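Participant: My structure is in protein-v7.pdb, and what it holds is PDB, C-alpha atoms:
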ATOM      1  CA  MET A 420     -17.226  46.793 -20.248  1.00  0.00           C
ATOM      2  CA  LEU A 421     -18.562  50.358 -20.531  1.00  0.00           C
ATOM      3  CA  THR A 422     -20.911  51.903 -23.054  1.00  0.00           C
ATOM      4  CA  GLU A 423     -21.122  55.633 -23.683  1.00  0.00           C
ATOM      5  CA  LYS A 424     -24.324  55.692 -21.613  1.00  0.00           C
ATOM      6  CA  ASP A 425     -22.481  54.018 -18.744  1.00  0.00           C
ATOM      7  CA  LYS A 426     -19.728  56.635 -18.880  1.00  0.00           C
ATOM      8  CA  GLN A 427     -22.287  59.441 -18.790  1.00  0.00           C
ATOM      9  CA  TRP A 428     -24.104  57.764 -15.900  1.00  0.00           C
ATOM     10  CA  LEU A 429     -20.891  57.504 -13.893  1.00  0.00           C
ATOM     11  CA  THR A 430     -20.067  61.157 -14.549  1.00  0.00           C
ATOM     12  CA  GLU A 431     -23.492  62.234 -13.309  1.00  0.00           C
ATOM     13  CA  HIS A 432     -23.731  59.999 -10.246  1.00  0.00           C
ATOM     14  CA  TYR A 433     -20.119  59.356  -9.223  1.00  0.00           C
ATOM     15  CA  PRO A 434     -18.079  62.347 -10.462  1.00  0.00           C
ATOM     16  CA  ASN A 435     -14.967  61.289  -8.536  1.00  0.00           C
ATOM     17  CA  LEU A 436     -14.676  58.087 -10.552  1.00  0.00           C
ATOM     18  CA  LEU A 437     -12.443  58.446 -13.593  1.00  0.00           C
ATOM     19  CA  VAL A 438     -13.137  56.372 -16.695  1.00  0.00           C
ATOM     20  CA  GLU A 439      -9.617  55.587 -17.916  1.00  0.00           C
ATOM     21  CA  SER A 440     -10.822  53.397 -20.783  1.00  0.00           C
ATOM     22  CA  ASP A 441     -13.762  51.289 -21.866  1.00  0.00           C
ATOM     23  CA  ASN A 442     -12.394  48.602 -19.548  1.00  0.00           C
ATOM     24  CA  LYS A 443     -11.177  50.493 -16.471  1.00  0.00           C
ATOM     25  CA  VAL A 444     -12.671  52.811 -13.847  1.00  0.00           C
ATOM     26  CA  VAL A 445     -10.570  54.308 -11.036  1.00  0.00           C
ATOM     27  CA  GLY A 446     -11.330  56.775  -8.283  1.00  0.00           C
ATOM     28  CA  GLU A 447     -13.213  57.604  -5.131  1.00  0.00           C
ATOM     29  CA  VAL A 448     -16.731  56.640  -4.120  1.00  0.00           C
ATOM     30  CA  SER A 449     -18.431  58.491  -1.260  1.00  0.00           C
ATOM     31  CA  PHE A 450     -21.910  57.361  -0.279  1.00  0.00           C
ATOM     32  CA  THR A 451     -24.530  56.850   2.393  1.00  0.00           C
ATOM     33  CA  ALA A 452     -26.621  53.700   2.344  1.00  0.00           C
ATOM     34  CA  THR A 453     -28.849  51.610   4.566  1.00  0.00           C
ATOM     35  CA  HIS A 454     -29.813  47.970   4.873  1.00  0.00           C
ATOM     36  CA  ASN A 455     -32.798  46.587   6.734  1.00  0.00           C
ATOM     37  CA  LYS A 456     -31.957  43.109   7.992  1.00  0.00           C
ATOM     38  CA  ASP A 457     -35.634  42.252   8.526  1.00  0.00           C
ATOM     39  CA  SER A 458     -36.839  43.097   5.008  1.00  0.00           C
ATOM     40  CA  GLY A 459     -33.502  42.417   3.303  1.00  0.00           C
ATOM     41  CA  ARG A 460     -33.764  45.711   1.417  1.00  0.00           C
ATOM     42  CA  PHE A 461     -30.710  47.830   0.568  1.00  0.00           C
ATOM     43  CA  LEU A 462     -30.840  51.486  -0.452  1.00  0.00           C
ATOM     44  CA  GLU A 463     -28.203  53.991  -1.467  1.00  0.00           C
ATOM     45  CA  ILE A 464     -29.303  57.365  -0.135  1.00  0.00           C
ATOM     46  CA  GLY A 465     -28.859  60.512  -2.206  1.00  0.00           C
ATOM     47  CA  LEU A 466     -29.819  64.123  -1.494  1.00  0.00           C
ATOM     48  CA  ASP A 467     -33.386  63.628  -2.701  1.00  0.00           C
ATOM     49  CA  THR A 468     -33.857  60.023  -1.587  1.00  0.00           C
ATOM     50  CA  VAL A 469     -36.751  59.174   0.689  1.00  0.00           C
ATOM     51  CA  ASP A 470     -35.596  56.441   3.059  1.00  0.00           C
ATOM     52  CA  GLY A 471     -38.429  53.943   3.142  1.00  0.00           C
ATOM     53  CA  VAL A 472     -36.088  51.106   4.068  1.00  0.00           C
ATOM     54  CA  GLY A 473     -34.949  51.986   7.561  1.00  0.00           C
ATOM     55  CA  GLY A 474     -32.184  49.816   8.919  1.00  0.00           C
ATOM     56  CA  LEU A 475     -28.633  50.760   9.744  1.00  0.00           C
ATOM     57  CA  ARG A 476     -27.488  53.865   7.872  1.00  0.00           C
ATOM     58  CA  LEU A 477     -23.741  54.011   7.186  1.00  0.00           C
ATOM     59  CA  SER A 478     -21.556  56.486   5.293  1.00  0.00           C
ATOM     60  CA  GLY A 479     -18.095  55.987   3.889  1.00  0.00           C
ATOM     61  CA  THR A 480     -15.526  56.727   1.214  1.00  0.00           C
ATOM     62  CA  PHE A 481     -13.520  54.147  -0.716  1.00  0.00           C
ATOM     63  CA  GLN A 482     -10.798  54.306  -3.337  1.00  0.00           C
ATOM     64  CA  ILE A 483     -11.685  51.647  -5.885  1.00  0.00           C
ATOM     65  CA  THR A 484     -10.653  50.219  -9.232  1.00  0.00           C
ATOM     66  CA  ILE A 485     -12.931  48.276 -11.572  1.00  0.00           C
ATOM     67  CA  THR A 486     -11.329  46.491 -14.508  1.00  0.00           C
ATOM     68  CA  ALA A 487     -12.539  44.004 -17.085  1.00  0.00           C
ATOM     69  CA  ARG A 488     -10.993  40.576 -16.542  1.00  0.00           C
ATOM     70  CA  THR A 489      -8.779  38.995 -19.172  1.00  0.00           C
ATOM     71  CA  ILE A 490      -8.379  35.769 -17.173  1.00  0.00           C
ATOM     72  CA  THR A 491     -11.527  34.321 -15.606  1.00  0.00           C
ATOM     73  CA  PRO A 492     -10.720  31.328 -13.386  1.00  0.00           C
ATOM     74  CA  HIS A 493     -12.781  32.636 -10.455  1.00  0.00           C
ATOM     75  CA  SER A 494     -15.208  35.093 -12.006  1.00  0.00           C
ATOM     76  CA  ARG A 495     -16.330  36.443 -15.363  1.00  0.00           C
ATOM     77  CA  LEU A 496     -17.475  39.719 -13.849  1.00  0.00           C
ATOM     78  CA  PRO A 497     -15.227  42.805 -13.811  1.00  0.00           C
ATOM     79  CA  ALA A 498     -12.731  42.818 -10.956  1.00  0.00           C
ATOM     80  CA  LEU A 499     -13.321  45.239  -8.085  1.00  0.00           C
ATOM     81  CA  THR A 500     -10.350  46.096  -5.877  1.00  0.00           C
ATOM     82  CA  ILE A 501     -10.472  48.415  -2.868  1.00  0.00           C
ATOM     83  CA  GLU A 502      -7.611  50.297  -1.245  1.00  0.00           C
ATOM     84  CA  GLY A 503      -7.299  50.394   2.530  1.00  0.00           C
ATOM     85  CA  VAL A 504      -9.465  47.340   3.244  1.00  0.00           C
ATOM     86  CA  GLU A 505      -8.034  44.364   5.120  1.00  0.00           C
ATOM     87  CA  THR A 506      -7.657  41.686   2.461  1.00  0.00           C
ATOM     88  CA  ILE A 507      -9.022  38.734   4.410  1.00  0.00           C
ATOM     89  CA  SER A 508     -11.458  36.072   3.244  1.00  0.00           C
ATOM     90  CA  ASP A 509     -14.015  37.021   5.917  1.00  0.00           C
ATOM     91  CA  ARG A 510     -14.376  40.353   4.110  1.00  0.00           C
ATOM     92  CA  HIS A 511     -15.052  38.370   0.936  1.00  0.00           C
ATOM     93  CA  ILE A 512     -11.761  39.236  -0.716  1.00  0.00           C
ATOM     94  CA  ASN A 513     -10.493  36.589  -3.122  1.00  0.00           C
ATOM     95  CA  GLN A 514      -7.128  35.470  -1.793  1.00  0.00           C
ATOM     96  CA  SER A 515      -5.696  34.663  -5.214  1.00  0.00           C
ATOM     97  CA  ASP A 516      -5.946  38.137  -6.759  1.00  0.00           C
ATOM     98  CA  LEU A 517      -7.350  40.285  -3.898  1.00  0.00           C
ATOM     99  CA  SER A 518     -10.440  41.224  -5.877  1.00  0.00           C
ATOM    100  CA  ALA A 519     -13.890  41.386  -4.303  1.00  0.00           C
ATOM    101  CA  CYS A 520     -16.097  38.290  -4.236  1.00  0.00           C
ATOM    102  CA  LEU A 521     -19.211  40.080  -5.451  1.00  0.00           C
ATOM    103  CA  CYS A 522     -21.434  37.045  -5.960  1.00  0.00           C
ATOM    104  CA  ASN A 523     -21.130  33.332  -6.437  1.00  0.00           C
ATOM    105  CA  PRO A 524     -20.069  32.240  -9.957  1.00  0.00           C
ATOM    106  CA  LEU A 525     -23.345  30.321 -10.354  1.00  0.00           C
ATOM    107  CA  GLU A 526     -25.191  33.644 -10.099  1.00  0.00           C
ATOM    108  CA  GLU A 527     -23.132  35.664 -12.566  1.00  0.00           C
ATOM    109  CA  ASP A 528     -25.319  34.921 -15.604  1.00  0.00           C
ATOM    110  CA  GLU A 529     -27.870  37.316 -14.126  1.00  0.00           C
ATOM    111  CA  TYR A 530     -25.487  40.195 -14.856  1.00  0.00           C
ATOM    112  CA  LEU A 531     -23.816  38.860 -17.993  1.00  0.00           C
ATOM    113  CA  GLU A 532     -26.696  37.623 -20.131  1.00  0.00           C
ATOM    114  CA  PRO A 533     -27.941  38.503 -22.656  1.00  0.00           C
ATOM    115  CA  GLU A 534     -25.220  41.168 -22.314  1.00  0.00           C
ATOM    116  CA  PHE A 535     -23.251  42.742 -19.488  1.00  0.00           C
ATOM    117  CA  ASP A 536     -25.156  45.486 -17.657  1.00  0.00           C
ATOM    118  CA  PHE A 537     -22.592  47.746 -15.963  1.00  0.00           C
ATOM    119  CA  GLN A 538     -25.084  49.985 -14.181  1.00  0.00           C
ATOM    120  CA  ARG A 539     -26.915  47.044 -12.650  1.00  0.00           C
ATOM    121  CA  PHE A 540     -23.588  45.453 -11.741  1.00  0.00           C
ATOM    122  CA  PHE A 541     -22.531  48.660  -9.989  1.00  0.00           C
ATOM    123  CA  LYS A 542     -25.811  49.290  -8.153  1.00  0.00           C
ATOM    124  CA  GLU A 543     -26.599  45.712  -7.128  1.00  0.00           C
ATOM    125  CA  LEU A 544     -23.124  44.295  -6.495  1.00  0.00           C
ATOM    126  CA  VAL A 545     -20.483  47.005  -6.080  1.00  0.00           C
ATOM    127  CA  MET A 546     -22.385  49.412  -3.808  1.00  0.00           C
ATOM    128  CA  PRO A 547     -23.788  46.713  -1.474  1.00  0.00           C
ATOM    129  CA  PHE A 548     -20.284  45.231  -1.252  1.00  0.00           C
ATOM    130  CA  LEU A 549     -18.860  48.591  -0.173  1.00  0.00           C
ATOM    131  CA  TYR A 550     -21.651  48.982   2.377  1.00  0.00           C
ATOM    132  CA  GLY A 551     -20.797  45.490   3.599  1.00  0.00           C
ATOM    133  CA  GLN A 552     -17.233  46.602   4.278  1.00  0.00           C
ATOM    134  CA  LEU A 553     -18.466  49.471   6.448  1.00  0.00           C
ATOM    135  CA  TYR A 554     -20.818  47.127   8.272  1.00  0.00           C
ATOM    136  CA  TYR A 555     -18.102  44.524   8.822  1.00  0.00           C
ATOM    137  CA  SER A 556     -15.770  47.171  10.269  1.00  0.00           C
ATOM    138  CA  GLN A 557     -18.471  48.178  12.753  1.00  0.00           C
ATOM    139  CA  GLU A 558     -20.170  44.883  13.580  1.00  0.00           C
ATOM    140  CA  GLY A 559     -17.510  42.258  12.824  1.00  0.00           C
ATOM    141  CA  HIS A 560     -19.652  40.239  10.426  1.00  0.00           C
ATOM    142  CA  TRP A 561     -21.393  40.532   7.066  1.00  0.00           C
ATOM    143  CA  PRO A 562     -24.780  42.360   7.070  1.00  0.00           C
ATOM    144  CA  TRP A 563     -26.686  39.612   5.224  1.00  0.00           C
ATOM    145  CA  PHE A 564     -26.393  35.899   4.550  1.00  0.00           C
ATOM    146  CA  ASP A 565     -23.070  35.179   2.903  1.00  0.00           C
ATOM    147  CA  TYR A 566     -22.127  32.005   1.102  1.00  0.00           C
ATOM    148  CA  ALA A 567     -19.321  29.882   2.450  1.00  0.00           C
ATOM    149  CA  HIS A 568     -15.939  30.304   0.812  1.00  0.00           C
ATOM    150  CA  GLY A 569     -14.967  28.278  -2.234  1.00  0.00           C
ATOM    151  CA  GLY A 570     -16.790  25.229  -3.511  1.00  0.00           C
ATOM    152  CA  LEU A 571     -18.972  24.854  -0.434  1.00  0.00           C
ATOM    153  CA  GLY A 572     -20.467  28.261  -1.232  1.00  0.00           C
ATOM    154  CA  THR A 573     -21.061  27.106  -4.805  1.00  0.00           C
ATOM    155  CA  ILE A 574     -23.064  24.171  -3.458  1.00  0.00           C
ATOM    156  CA  GLU A 575     -25.067  26.617  -1.320  1.00  0.00           C
ATOM    157  CA  ALA A 576     -25.710  28.797  -4.385  1.00  0.00           C
ATOM    158  CA  PHE A 577     -26.918  25.760  -6.329  1.00  0.00           C
ATOM    159  CA  SER A 578     -29.616  25.186  -3.702  1.00  0.00           C
ATOM    160  CA  ARG A 579     -31.228  28.451  -4.825  1.00  0.00           C
ATOM    161  CA  ASN A 580     -31.240  27.573  -8.534  1.00  0.00           C
ATOM    162  CA  PRO A 581     -31.157  23.764  -8.863  1.00  0.00           C
ATOM    163  CA  THR A 582     -31.494  23.422 -12.630  1.00  0.00           C
ATOM    164  CA  PRO A 583     -29.755  20.673 -14.655  1.00  0.00           C
ATOM    165  CA  GLU A 584     -27.563  23.332 -16.307  1.00  0.00           C
ATOM    166  CA  LYS A 585     -26.479  24.713 -12.946  1.00  0.00           C
ATOM    167  CA  ALA A 586     -25.906  21.193 -11.652  1.00  0.00           C
ATOM    168  CA  ASN A 587     -23.346  20.593 -14.392  1.00  0.00           C
ATOM    169  CA  GLU A 588     -21.710  23.964 -13.753  1.00  0.00           C
ATOM    170  CA  CYS A 589     -21.630  23.339 -10.005  1.00  0.00           C
ATOM    171  CA  ILE A 590     -20.004  19.922 -10.455  1.00  0.00           C
ATOM    172  CA  GLN A 591     -17.464  21.351 -12.872  1.00  0.00           C
ATOM    173  CA  ARG A 592     -16.443  23.989 -10.343  1.00  0.00           C
ATOM    174  CA  ILE A 593     -16.363  21.958  -7.146  1.00  0.00           C
ATOM    175  CA  SER A 594     -14.545  19.057  -8.807  1.00  0.00           C
ATOM    176  CA  GLN A 595     -11.569  21.398  -9.263  1.00  0.00           C
ATOM    177  CA  GLU A 596     -11.161  21.610  -5.476  1.00  0.00           C
ATOM    178  CA  ILE A 597      -9.455  18.281  -4.889  1.00  0.00           C
ATOM    179  CA  GLN A 598      -9.957  17.922  -1.133  1.00  0.00           C
ATOM    180  CA  LEU A 599     -13.586  19.016  -1.275  1.00  0.00           C
ATOM    181  CA  TRP A 600     -14.322  16.732  -4.233  1.00  0.00           C
ATOM    182  CA  LYS A 601     -12.892  13.701  -2.421  1.00  0.00           C
ATOM    183  CA  ILE A 602     -15.604  14.164   0.201  1.00  0.00           C
ATOM    184  CA  VAL A 603     -18.460  15.338  -2.019  1.00  0.00           C
ATOM    185  CA  LYS A 604     -18.216  12.862  -4.906  1.00  0.00           C
ATOM    186  CA  PRO A 605     -19.066   9.769  -2.803  1.00  0.00           C
ATOM    187  CA  LEU A 606     -22.057  11.642  -1.351  1.00  0.00           C
ATOM    188  CA  LEU A 607     -23.380  12.355  -4.825  1.00  0.00           C
ATOM    189  CA  LEU A 608     -22.988   8.705  -5.832  1.00  0.00           C
ATOM    190  CA  GLN A 609     -24.538   7.097  -2.768  1.00  0.00           C
ATOM    191  CA  ARG A 610     -27.930   5.401  -3.131  1.00  0.00           C
ATOM    192  CA  GLU A 611     -29.458   6.708   0.091  1.00  0.00           C
ATOM    193  CA  ASP A 612     -30.287  10.323   0.838  1.00  0.00           C
ATOM    194  CA  ILE A 613     -27.589  12.513   2.400  1.00  0.00           C
ATOM    195  CA  LYS A 614     -28.245  12.621   6.139  1.00  0.00           C
ATOM    196  CA  GLY A 615     -28.070  15.728   8.281  1.00  0.00           C
ATOM    197  CA  HIS A 616     -25.476  14.146  10.560  1.00  0.00           C
ATOM    198  CA  THR A 617     -23.067  13.737   7.627  1.00  0.00           C
ATOM    199  CA  LEU A 618     -19.818  15.478   8.503  1.00  0.00           C
ATOM    200  CA  CYS A 619     -19.411  18.860   6.855  1.00  0.00           C
ATOM    201  CA  PRO A 620     -16.603  19.157   4.276  1.00  0.00           C
ATOM    202  CA  CYS A 621     -15.450  22.417   5.892  1.00  0.00           C
ATOM    203  CA  PRO A 622     -12.558  22.370   8.401  1.00  0.00           C
ATOM    204  CA  LYS A 623     -14.951  22.261  11.384  1.00  0.00           C
ATOM    205  CA  HIS A 624     -16.232  18.777  10.373  1.00  0.00           C
ATOM    206  CA  ASP A 625     -19.410  19.290  12.388  1.00  0.00           C
ATOM    207  CA  HIS A 626     -22.715  17.775  11.290  1.00  0.00           C
ATOM    208  CA  LEU A 627     -23.885  19.423   8.065  1.00  0.00           C
ATOM    209  CA  ARG A 628     -27.308  20.321   9.474  1.00  0.00           C
ATOM    210  CA  ARG A 629     -25.629  22.420  12.181  1.00  0.00           C
ATOM    211  CA  CYS A 630     -22.559  23.644  10.319  1.00  0.00           C
ATOM    212  CA  HIS A 631     -23.741  24.519   6.775  1.00  0.00           C
ATOM    213  CA  PRO A 632     -27.434  23.579   6.478  1.00  0.00           C
ATOM    214  CA  ILE A 633     -27.851  25.372   3.137  1.00  0.00           C
ATOM    215  CA  ALA A 634     -24.955  23.325   1.751  1.00  0.00           C
ATOM    216  CA  LEU A 635     -26.796  20.225   2.986  1.00  0.00           C
ATOM    217  CA  ASP A 636     -29.828  21.333   0.946  1.00  0.00           C
ATOM    218  CA  GLY A 637     -27.573  21.943  -2.042  1.00  0.00           C
ATOM    219  CA  LEU A 638     -25.898  18.548  -1.776  1.00  0.00           C
ATOM    220  CA  ARG A 639     -29.248  16.767  -1.604  1.00  0.00           C
ATOM    221  CA  LEU A 640     -30.515  18.630  -4.655  1.00  0.00           C
ATOM    222  CA  LEU A 641     -27.247  18.024  -6.503  1.00  0.00           C
ATOM    223  CA  ARG A 642     -27.371  14.299  -5.747  1.00  0.00           C
ATOM    224  CA  ASN A 643     -30.949  14.189  -7.030  1.00  0.00           C
ATOM    225  CA  ALA A 644     -29.928  16.017 -10.214  1.00  0.00           C
ATOM    226  CA  VAL A 645     -27.069  13.583 -10.815  1.00  0.00           C
ATOM    227  CA  ARG A 646     -29.454  10.638 -10.541  1.00  0.00           C
ATOM    228  CA  GLU A 647     -32.400  12.126 -12.452  1.00  0.00           C
ATOM    229  CA  HIS A 648     -30.399  13.560 -15.343  1.00  0.00           C
ATOM    230  CA  PHE A 649     -27.691  10.860 -15.508  1.00  0.00           C
ATOM    231  CA  ILE A 650     -24.909  13.402 -15.001  1.00  0.00           C
ATOM    232  CA  GLN A 651     -21.463  11.861 -15.342  1.00  0.00           C
ATOM    233  CA  LEU A 652     -19.080  12.842 -12.559  1.00  0.00           C
ATOM    234  CA  PRO A 653     -15.411  13.553 -13.311  1.00  0.00           C
TER     235      PRO A 653
END
Can you give me the file's structure in the form of structure tokens?
Facilitator:
Amino acid sequence: MLTEKDKQWLTEHYPNLLVESDNKVVGEVSFTATHNKDSGRFLEIGLDTVDGVGGLRLSGTFQITITARTITPHSRLPALTIEGVETISDRHINQSDLSACLCNPLEEDEYLEPEFDFQRFFKELVMPFLYGQLYYSQEGHWPWFDYAHGGLGTIEAFSRNPTPEKANECIQRISQEIQLWKIVKPLLLQREDIKGHTLCPCPKHDHLRRCHPIALDGLRLLRNAVREHFIQLP
């Protein structure tokens, strides 16, 4: 997980984080950061940082652990766990192992290929996630758009990268959620387009266009991919 350059970088920028091995980091992170909801920009603020982002500036300290995963049913990225944070799904904590949901699985290739980039992973996923916890504690919701939980979020993520390869990966993942797949599979096989008044697969069962409109976009694109590329459904 860590190269020698990564270890040196951590020592210089986060001296209270202890590198226990090439595959484990433990310790305390103290930081100040800001996020501008209008521009979508996030910035960690150091002593010499010029804040050109604006937005809501928050400061906090977290005790964290980052470990390489040996089992990857939910994510191939290293697992981030945080002490003292309420382990609820609305805080984007995976309920199976209480690790952080840092990004959707369909987006992980960006950090894993051609090889894992720890510094980018830390700056673009870990630090914004910690800021998000501070924001949630203050405002009661996530600071930026957050995908729905589980397979519905995977469908939303597909809408942003609707390639044939991602279509196959999306189908593979959502087909493992039995209740969701019972609803989604017939939609992907139907001849007509998926209508906005189709009931949402989430527990609210409202119309998709009102409940999860990005999932509606994803389902339409996924149905098109199934038809255009003759994808076999499980």
Participant: With distances taken over all atoms listed in the file, which of A:Gln482, A:Asn580, A:Gln609, A:Gln651 is nearest to Glu526 (chain A)?
Facilitator: A:Asn580
Participant: Take CA of Cys621 (chain A) and CA of Ser518 (chain A) and report the distance between them in Å, one decimal.
Facilitator: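 Straight-line distance from CA of Cys621 (chain A) to CA of Ser518 (chain A) works out to 22.7 Å.
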Participant: For Leu652 (chain A), list every protein, DNA or RNA residue within 9 Å, evaluated using all atoms listed in the file, and leave out those in the same chain fewer than 5 positions away; present the list as a PyMOL selection string.
Facilitator: chain A and resi 590-591+594+604+607-608+645
Participant: Expressed in Å to a single decimal, how great is the separation between CA of Gly459 (chain A) and CA of Phe481 (chain A)?
Facilitator: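 The value is 23.5 Å.
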Participant: From the options A:Ala586, A:Leu571, A:Leu635, A:Ile613, which residue's atoms come nearest to Leu599 (chain A), counting only C-alpha atoms?
Facilitator: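 Looking at the shortest contact to Leu599 (chain A), the residue is A:Leu571.
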Participant: Run through the PyMOL selection byres ((chain A and resi 450) around 10) on the given coordinates and return the selected residues as a list in words.
Facilitator: Tyr433, Glu447, Val448, Ser449, Thr451, Ala452, Glu463, Ile464, Gly465, Leu477, Ser478, Gly479, Thr480, Phe481, Met546, Leu549 and Tyr550 of chain A
Participant: Here is a test: counting all atoms listed in the file, which residue of A:Leu499, A:Ala634, A:Cys522, A:Leu437 is nearest to Phe577 (chain A)?
Facilitator: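 Of the candidates, the smallest distance to Phe577 (chain A) is held by A:Ala634.
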Participant: As a check of understanding, name the residues that the PyMOL selection byres ((chain A and resi 444) around 12) selects in the supplied structure, as an mmCIF file with C-alpha atoms, in the frame of the given file.
Facilitator:
data_model
loop_
_atom_site.group_PDB
_atom_site.id
_atom_site.type_symbol
_atom_site.label_atom_id
_atom_site.label_comp_id
_atom_site.auth_asym_id
_atom_site.auth_seq_id
_atom_site.Cartn_x
_atom_site.Cartn_y
_atom_site.Cartn_z
ATOM 1 C CA MET A 420 -17.226 46.793 -20.248
ATOM 2 C CA LEU A 421 -18.562 50.358 -20.531
ATOM 3 C CA ASP A 425 -22.481 54.018 -18.744
ATOM 4 C CA LYS A 426 -19.728 56.635 -18.880
ATOM 5 C CA LEU A 429 -20.891 57.504 -13.893
ATOM 6 C CA THR A 430 -20.067 61.157 -14.549
ATOM 7 C CA TYR A 433 -20.119 59.356 -9.223
ATOM 8 C CA PRO A 434 -18.079 62.347 -10.462
ATOM 9 C CA ASN A 435 -14.967 61.289 -8.536
ATOM 10 C CA LEU A 436 -14.676 58.087 -10.552
ATOM 11 C CA LEU A 437 -12.443 58.446 -13.593
ATOM 12 C CA VAL A 438 -13.137 56.372 -16.695
ATOM 13 C CA GLU A 439 -9.617 55.587 -17.916
ATOM 14 C CA SER A 440 -10.822 53.397 -20.783
ATOM 15 C CA ASP A 441 -13.762 51.289 -21.866
ATOM 16 C CA ASN A 442 -12.394 48.602 -19.548
ATOM 17 C CA LYS A 443 -11.177 50.493 -16.471
ATOM 18 C CA VAL A 445 -10.570 54.308 -11.036
ATOM 19 C CA GLY A 446 -11.330 56.775 -8.283
ATOM 20 C CA GLU A 447 -13.213 57.604 -5.131
ATOM 21 C CA VAL A 448 -16.731 56.640 -4.120
ATOM 22 C CA GLN A 482 -10.798 54.306 -3.337
ATOM 23 C CA ILE A 483 -11.685 51.647 -5.885
ATOM 24 C CA THR A 484 -10.653 50.219 -9.232
ATOM 25 C CA ILE A 485 -12.931 48.276 -11.572
ATOM 26 C CA THR A 486 -11.329 46.491 -14.508
ATOM 27 C CA ALA A 487 -12.539 44.004 -17.085
ATOM 28 C CA PRO A 497 -15.227 42.805 -13.811
ATOM 29 C CA ALA A 498 -12.731 42.818 -10.956
ATOM 30 C CA LEU A 499 -13.321 45.239 -8.085
ATOM 31 C CA THR A 500 -10.350 46.096 -5.877
ATOM 32 C CA PHE A 537 -22.592 47.746 -15.963
ATOM 33 C CA PHE A 541 -22.531 48.660 -9.989
#
Participant: Could you state the separation of CA of Leu627 (chain A) and CA of Gly615 (chain A) in Å, given to one decimal place?
Facilitator: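 So the answer is 5.6 Å.
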Participant: Can you translate the PyMOL selection byres ((chain A and resi 564) around 12) into the concrete residues it hits in this file, as a PyMOL selection string?
Facilitator: chain A and resi 456-457+459+522+551+560-563+565-567+572+575-576+631+633
Participant: Which of these residues is nearest to Pro581 (chain A), using only C-alpha atoms: A:Thr453, A:Asn643, A:Ser556, A:Gln598?
Facilitator: A:Asn643
Participant: Pick the closest to Arg639 (chain A) from A:Lys614, A:His624, A:Arg495, A:His511: which is it, counting only C-alpha atoms?
Facilitator: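 Nearest to Arg639 (chain A): A:Lys614.
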Participant: Return the single residue from A:Leu618, A:Ala519, A:Lys542, A:Leu496 that is closest to Phe461 (chain A), with distances computed using only C-alpha atoms.
Facilitator: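 Ranked by minimum distance to Phe461 (chain A), first place goes to A:Lys542.
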